[in-house]
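Asker: Take this structure first; my questions come after.
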Amino acid sequence: MAKEKKLVESITSMEEDFAQWYTDVVKKAELTDYTSVKGCMVIKPAGYAIWENIQHELDRRFKETGVENVYLPMLIPESLLQKEKDHVEGFAPEVAWVTHGGLEPLQERMCVRPTSETLFCDFYANDIHSYRDLPKVYNQWCSVMRWEKTTRPFLRSREFLWQEGHTAHATAEEAEARTIQMLNVYADFCEEVLAIPVVKGRKTDKEKFAGAEATYTIESLMHDGKALQSGTSHNFGDGFAKAFGIQYTDKDNTLKYVHQTSWGMTTRMIGAIIMVHGDNSGLVLPPRIAPVQAMVIPIQQKKEGVLDKAAEVKEALVKSGIRTRMDDSDKSPGWKFSESEMRGIPVRIELGPKDIEAGQAVIVRRDTREKITVSLEELTGKVTETLEIMQKDMLERARTHRESHTYTAKTLDEFKDIAENKPGFIKAMWCGDQACEDALKEEAGVTSRCIPFQQEEITCECIYCKKPAKAMVYWGKAY
């Protein structure tokens, strides 16, 4: 019993210290580990399995929109990076440089890709010649490196995994349509698979991607009231094309520049899953993304027939398409229950001698801990049904939390009070001037999260300067 108690006590309460709670969950659920490479992490099997499911589901959705996967080098010559002024200035502080090849200094420094716009542009300049070559709708799955000063597993590490889509189009309209299309793919994925509700909108010019004409974002709210930028989609217009000379001969036999987009989602989404759904017992994984959806736990497994029946139940669940494992280790049932909860497995199935005699099993939901007794004949159908209900309930619970932590401010004093005392999103009007945006960050400690597509007119004047407002903005503190 002491060991079971210790397993739960090893997680700091999120109410006591949310940052420490997060670190404890990541470590105790064995998602990552620290390494000798400062600022970088080992993604352990339990964490990587979640990423594989994210990758598989996103990749499927991408391909349904005509995306093809490619792979480009991880090293970028300095001269190539310098071609787009705004882009290089935006990434300069985070770039890691390679200066030697073997024992010899390189004639030109190479940066380890922080992102691959310049490489794709160089590639497109050689690959695109005619309107018949367009559009190019490519994506690559890779790692990138950004020399972050402050790191935290999944949320911000120097090397992280992601996908980066890069497309080239004949017209500005096609590029804008693709930019919004991919943002919607991300939003649907977050809500349908991760059970994370998002706010869709446009970044302010200050917050947009370096070199982009427009950056669109999905913003989600964590349990502690901080925002997390969860996926971005950028419209580059023809700025990169002009810098890199990416032209094509159109149907009228004239040379024109392509219009480009870029869009990405990263392993930080695993951090989002933890911070939106987790509790003081550990992870709570949405069923559709969980590597293990059901854990069969035999009770009094040394008694004759218990392990055999548990294995039979496991196989029936696997055959029905449910990702299932059985814990037949020699740990106590209580320890197994705690471990299953710690790892966020959506349902556990308890099966002991008395259950077998009665022809039944007990399903326990991870999110609510509700216990459902069901006959063995109906078990597979009931587990499937429970997983679907749990997926929907988790989304609604997260949406309710977001709505109850979204506030509206009509005056600057009200805005500052909310920022200081009520963690969450703040909806307030803005004139469009960066000076007001900077002042709100300085005085209230918040940043603009996005200009949402769904606009509201809270007042007719800017929350800060009182000049006529141009848009309603979501503000908040963020990771």
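Letters A, B, ... mark the chains of the structure tokens in the order given; residue numbers begin at 1 per chain; ligand numbers begin at 1, in order shown.
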Using 9 Å as the limit and counting only C-alpha atoms, can you tabulate each residue of segment 319-387 of chain A that touches segment 19-37 of chain A, with its shortest atom-to-atom distance in Å and the two atoms involved, as JSON lines?
Answerer:
{"residue": "A:Glu339", "atom": "CA", "partner": "A:Ala29", "partner_atom": "CA", "distance": 8.3}
{"residue": "A:Met342", "atom": "CA", "partner": "A:Ala29", "partner_atom": "CA", "distance": 5.9}
{"residue": "A:Arg343", "atom": "CA", "partner": "A:Ala29", "partner_atom": "CA", "distance": 5.1}
{"residue": "A:Gly344", "atom": "CA", "partner": "A:Ala29", "partner_atom": "CA", "distance": 8.2}
Asker: Write out, as a Markdown table, each residue of segment 16-105 of chain A that has an atom at most 9 Å from segment 283-295 of chain A, together with the closest pair of atoms and their distance in Å to one decimal, counting only C-alpha atoms, rows going by chain and rising number.
Answerer:
| residue | atom | partner | partner_atom | distance |
| --- | --- | --- | --- | --- |
| A:Val25 | CA | A:Leu283 | CA | 6.7 |
| A:Val26 | CA | A:Leu283 | CA | 8.4 |
| A:Ala29 | CA | A:Leu283 | CA | 7.2 |
| A:Ala46 | CA | A:Pro291 | CA | 7.8 |
| A:Ala49 | CA | A:Pro291 | CA | 5.9 |
| A:Ile50 | CA | A:Pro291 | CA | 6.0 |
| A:Trp51 | CA | A:Ile289 | CA | 8.9 |
| A:Glu52 | CA | A:Pro291 | CA | 8.7 |
| A:Asn53 | CA | A:Ile289 | CA | 6.0 |
| A:Ile54 | CA | A:Ile289 | CA | 6.9 |
| A:Glu57 | CA | A:Ile289 | CA | 8.8 |
Asker: If you count only C-alpha atoms, which residues fall within 8 Å of Arg113 of chain A, apart from same-chain ones fewer than 2 positions away, as a PyMOL selection string?
Answerer: chain A and resi 74-76+95+111+115-116+144-145
Asker: Give me, as a tab-separated table, the closest atom pair and its distance (Å, one decimal) for every residue of segment 42-87 of chain A within a cut-off of 10 Å of segment 147-167 of chain A, counting only C-alpha atoms, rows sorted by chain and rising number.
Answerer:
residue	atom	partner	partner_atom	distance
A:Val42	CA	A:Pro153	CA	9.2
A:Ile43	CA	A:Phe154	CA	9.0
A:Gly47	CA	A:Phe154	CA	9.6
A:Trp51	CA	A:Leu161	CA	8.9
A:Gln55	CA	A:Gln163	CA	8.3
A:Leu58	CA	A:Gln163	CA	9.3
A:Asp59	CA	A:Gln163	CA	9.1
A:Phe62	CA	A:Gly165	CA	9.3
A:Val67	CA	A:Gly165	CA	8.4
A:Glu68	CA	A:Gly165	CA	9.3
A:Asn69	CA	A:Gly165	CA	8.7
A:Val70	CA	A:Gly165	CA	9.6
Asker: Take the residues from that selection and write them out as a PDB file, in the first residue's frame, keeping C-alpha atoms.
Answerer:
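Saved the output as selection.pdb:
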ATOM      1  CA  VAL A  42      15.090  11.889 -25.266  1.00  0.00           C
ATOM      2  CA  ILE A  43      11.550  11.093 -26.367  1.00  0.00           C
ATOM      3  CA  GLY A  47       6.028   9.787 -25.712  1.00  0.00           C
ATOM      4  CA  TRP A  51       3.860  11.493 -31.732  1.00  0.00           C
ATOM      5  CA  GLN A  55       1.997  12.001 -37.357  1.00  0.00           C
ATOM      6  CA  LEU A  58      -2.083  14.425 -39.680  1.00  0.00           C
ATOM      7  CA  ASP A  59      -0.319  12.784 -42.613  1.00  0.00           C
ATOM      8  CA  PHE A  62      -2.684  16.194 -45.453  1.00  0.00           C
ATOM      9  CA  VAL A  67      -0.062  16.975 -50.166  1.00  0.00           C
ATOM     10  CA  GLU A  68       3.027  14.922 -51.088  1.00  0.00           C
ATOM     11  CA  ASN A  69       5.913  14.214 -48.703  1.00  0.00           C
ATOM     12  CA  VAL A  70       9.527  15.106 -49.529  1.00  0.00           C
TER      13      VAL A  70
END
Asker: Measuring atom to atom with only C-alpha atoms, identify which of A:Ile372, A:Ala243, A:Leu379, A:Val98 is nearest to Ile322 of chain A.
Answerer: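 Smallest separation from Ile322 of chain A among the options: A:Leu379.
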Asker: Give me the residues within 12 Å of Arg449 of chain A as a PyMOL selection string, counting only C-alpha atoms and dropping any in the same chain fewer than 2 places off.
Answerer: chain A and resi 198-208+215-221+226-230+232+424-428+437+441+446-447+451-452+472-479
Asker: Using only C-alpha atoms, find the one residue out of A:Gly432, A:Pro93, A:Gly231, A:Pro423 that sits nearest to Gly445 of chain A.
Answerer: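 Of the candidates, the smallest distance to Gly445 of chain A is held by A:Pro423.
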Asker: Write out as a PyMOL selection string the set of residues from segment 65-234 of chain A that DSSP, computed on the backbone, places in strand (DSSP E).
Answerer: chain A and resi 68-69+75-77+96-101+104-112+136-145+159-169+199-202+214-221+227-234
